[in-house]
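Colleague: My questions will all concern the structure given below.
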Amino acid sequence: MLKLVRLMAWVVAIGLVAVTLSPLEARPVLTSPNLERAGAYALFGFLLALSYPRRWGLALIAAVALAGCLEAAQGLTASRHGRVIDFLVKGGAAMIGALAAQGLHLLLARRTAR
């Protein structure tokens with residue numbers, strides 16, 4: 001099961017890279033951009049922290065770092081631009097996702113200890 005969750009985390013990471021660095025016209029639109037950003041990075045942070053429960057703090061840092069690096073990399077593309085507010089939404093959502101995964105991990109560990 002852990003391998004499947006890790007695979008899902010890295011698939012989401014690849015999707016984030018593709019969507020973030022693709023031309024704006026090629027980006028899929030489902031709802032408001034901030035809600036899409038928050039949902040995608042919360043899912044990534046959650047899956048990454050769940051994938052590496054013993055190193056969840058490092059996973060949290062990695063998820064936020066990916067948000068920052070991709071936001072900065074948008075400045076290298078012709079049709080995109082990185083903004084601090086977008087990073088704050090993405091990084092904050094990644095943190096919330098990772099913390100939720102850690103909470104779930106602790107809850108499940110407590111249940112199995114009984």
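Every chain in the structure tokens has a letter given in the order shown (A, B, ...), and although residue numbers restart at 1 in each chain, ligands are simply numbered from 1 in the order shown.
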Give me the residues near Leu99 (chain A) as a list of chain:residue names, where near means some atom within 12 Å (using only C-alpha atoms) and where sequence neighbours in that chain fewer than 4 positions away do not count.
Modeller: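 The residues that qualify are A:Ala42, A:Leu43, A:Phe44, A:Gly45, A:Phe46, A:Leu47, A:Leu48, A:Ala49, A:Leu50, A:Pro53, A:Trp56, A:Gly57, A:Leu58, A:Ala59, A:Leu60, A:Ile61, A:Ala63, A:Gly92, A:Ala93, A:Ala94, A:Met95, A:Gly103, A:Leu104, A:His105, A:Leu106.
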Colleague: Print the selection's residues with N, CA and C atoms to a file, as an mmCIF file, in the first residue's frame.
Modeller:
```
data_model
loop_
_atom_site.group_PDB
_atom_site.id
_atom_site.type_symbol
_atom_site.label_atom_id
_atom_site.label_comp_id
_atom_site.auth_asym_id
_atom_site.auth_seq_id
_atom_site.Cartn_x
_atom_site.Cartn_y
_atom_site.Cartn_z
ATOM 1 N N ALA A 42 -2.370 20.698 -1.629
ATOM 2 C CA ALA A 42 -2.767 20.008 -0.399
ATOM 3 C C ALA A 42 -2.727 18.498 -0.631
ATOM 4 N N LEU A 43 -3.212 18.066 -1.785
ATOM 5 C CA LEU A 43 -3.153 16.640 -2.122
ATOM 6 C C LEU A 43 -1.707 16.169 -2.208
ATOM 7 N N PHE A 44 -0.849 16.951 -2.853
ATOM 8 C CA PHE A 44 0.556 16.570 -2.971
ATOM 9 C C PHE A 44 1.218 16.498 -1.595
ATOM 10 N N GLY A 45 1.025 17.503 -0.767
ATOM 11 C CA GLY A 45 1.607 17.494 0.574
ATOM 12 C C GLY A 45 1.112 16.319 1.398
ATOM 13 N N PHE A 46 -0.181 16.029 1.282
ATOM 14 C CA PHE A 46 -0.780 14.908 2.003
ATOM 15 C C PHE A 46 -0.154 13.585 1.563
ATOM 16 N N LEU A 47 -0.129 13.356 0.251
ATOM 17 C CA LEU A 47 0.406 12.090 -0.260
ATOM 18 C C LEU A 47 1.893 11.934 0.036
ATOM 19 N N LEU A 48 2.648 13.030 -0.104
ATOM 20 C CA LEU A 48 4.086 12.941 0.133
ATOM 21 C C LEU A 48 4.384 12.640 1.599
ATOM 22 N N ALA A 49 3.703 13.316 2.511
ATOM 23 C CA ALA A 49 3.924 13.070 3.942
ATOM 24 C C ALA A 49 3.433 11.682 4.346
ATOM 25 N N LEU A 50 2.350 11.232 3.732
ATOM 26 C CA LEU A 50 1.849 9.891 4.013
ATOM 27 C C LEU A 50 2.798 8.827 3.461
ATOM 28 N N PRO A 53 6.276 8.460 6.270
ATOM 29 C CA PRO A 53 5.826 8.822 7.619
ATOM 30 C C PRO A 53 6.951 9.084 8.613
ATOM 31 N N TRP A 56 8.252 12.763 7.638
ATOM 32 C CA TRP A 56 7.162 13.627 7.197
ATOM 33 C C TRP A 56 7.557 15.103 7.222
ATOM 34 N N GLY A 57 8.428 15.513 8.137
ATOM 35 C CA GLY A 57 8.877 16.904 8.174
ATOM 36 C C GLY A 57 9.676 17.264 6.930
ATOM 37 N N LEU A 58 10.505 16.344 6.497
ATOM 38 C CA LEU A 58 11.264 16.541 5.269
ATOM 39 C C LEU A 58 10.320 16.557 4.060
ATOM 40 N N ALA A 59 9.308 15.716 4.092
ATOM 41 C CA ALA A 59 8.310 15.701 3.013
ATOM 42 C C ALA A 59 7.556 17.024 2.961
ATOM 43 N N LEU A 60 7.238 17.580 4.115
ATOM 44 C CA LEU A 60 6.574 18.883 4.178
ATOM 45 C C LEU A 60 7.460 19.957 3.540
ATOM 46 N N ILE A 61 8.728 19.966 3.898
ATOM 47 C CA ILE A 61 9.665 20.937 3.340
ATOM 48 C C ILE A 61 9.791 20.743 1.827
ATOM 49 N N ALA A 63 7.559 19.509 -0.248
ATOM 50 C CA ALA A 63 6.333 19.949 -0.919
ATOM 51 C C ALA A 63 6.302 21.472 -1.053
ATOM 52 N N GLY A 92 1.215 27.065 1.508
ATOM 53 C CA GLY A 92 0.332 26.898 2.666
ATOM 54 C C GLY A 92 -0.536 25.659 2.541
ATOM 55 N N ALA A 93 -1.050 25.417 1.353
ATOM 56 C CA ALA A 93 -1.877 24.226 1.131
ATOM 57 C C ALA A 93 -1.047 22.951 1.266
ATOM 58 N N ALA A 94 0.188 22.976 0.771
ATOM 59 C CA ALA A 94 1.068 21.810 0.913
ATOM 60 C C ALA A 94 1.339 21.526 2.388
ATOM 61 N N MET A 95 1.539 22.580 3.166
ATOM 62 C CA MET A 95 1.752 22.404 4.608
ATOM 63 C C MET A 95 0.526 21.806 5.275
ATOM 64 N N GLY A 103 -1.279 13.878 11.019
ATOM 65 C CA GLY A 103 -2.361 13.653 11.983
ATOM 66 C C GLY A 103 -3.040 12.315 11.754
ATOM 67 N N LEU A 104 -3.299 11.982 10.497
ATOM 68 C CA LEU A 104 -3.903 10.696 10.168
ATOM 69 C C LEU A 104 -2.979 9.551 10.555
ATOM 70 N N HIS A 105 -1.700 9.711 10.273
ATOM 71 C CA HIS A 105 -0.712 8.680 10.630
ATOM 72 C C HIS A 105 -0.697 8.451 12.143
ATOM 73 N N LEU A 106 -0.698 9.520 12.915
ATOM 74 C CA LEU A 106 -0.691 9.394 14.383
ATOM 75 C C LEU A 106 -1.985 8.748 14.884
#
```
Colleague: Report as a PyMOL selection string all protein, DNA and RNA residues lying within 12 Å of Leu88 (chain A), evaluated on only C-alpha atoms, omitting residues in the same chain fewer than 4 positions from it.
Modeller: chain A and resi 34+37-38+41+64-65+67-68+71+82-84+92-96
Colleague: Using only C-alpha atoms, which of A:Leu16, A:Leu2, A:Leu66, A:Ala100 sits nearest Tyr52 (chain A)?
Modeller: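 Going through A:Leu16, A:Leu2, A:Leu66, A:Ala100 one by one, the smallest distance to Tyr52 (chain A) is for A:Leu2.
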Colleague: With only C-alpha atoms as the atoms that count, which of A:Ala72, A:Arg111, A:Ala40, A:Ala101 lies nearest to Ile14 (chain A)?
Modeller: A:Ala40
Colleague: Check the DSSP output for the backbone and give back, as a list in words, the residues of region 55-90 of chain A in alpha helix (DSSP H).
Modeller: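 Matching residues for alpha helix (DSSP H) in region 55-90 of chain A are Trp56, Gly57, Leu58, Ala59, Leu60, Ile61, Ala62, Ala63, Val64, Ala65, Leu66, Ala67, Gly68, Cys69, Leu70, Glu71, Ala72, Ala73, Val84, Ile85, Asp86, Phe87, Leu88, Val89 and Lys90 of chain A.
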Colleague: Counting only C-alpha atoms, which residue out of A:Thr112, A:Ser51, A:Gln74, A:Ser79 sits closest to Leu24 (chain A)?
Modeller: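 The shortest atom-to-atom distance to Leu24 (chain A) comes from A:Ser79.
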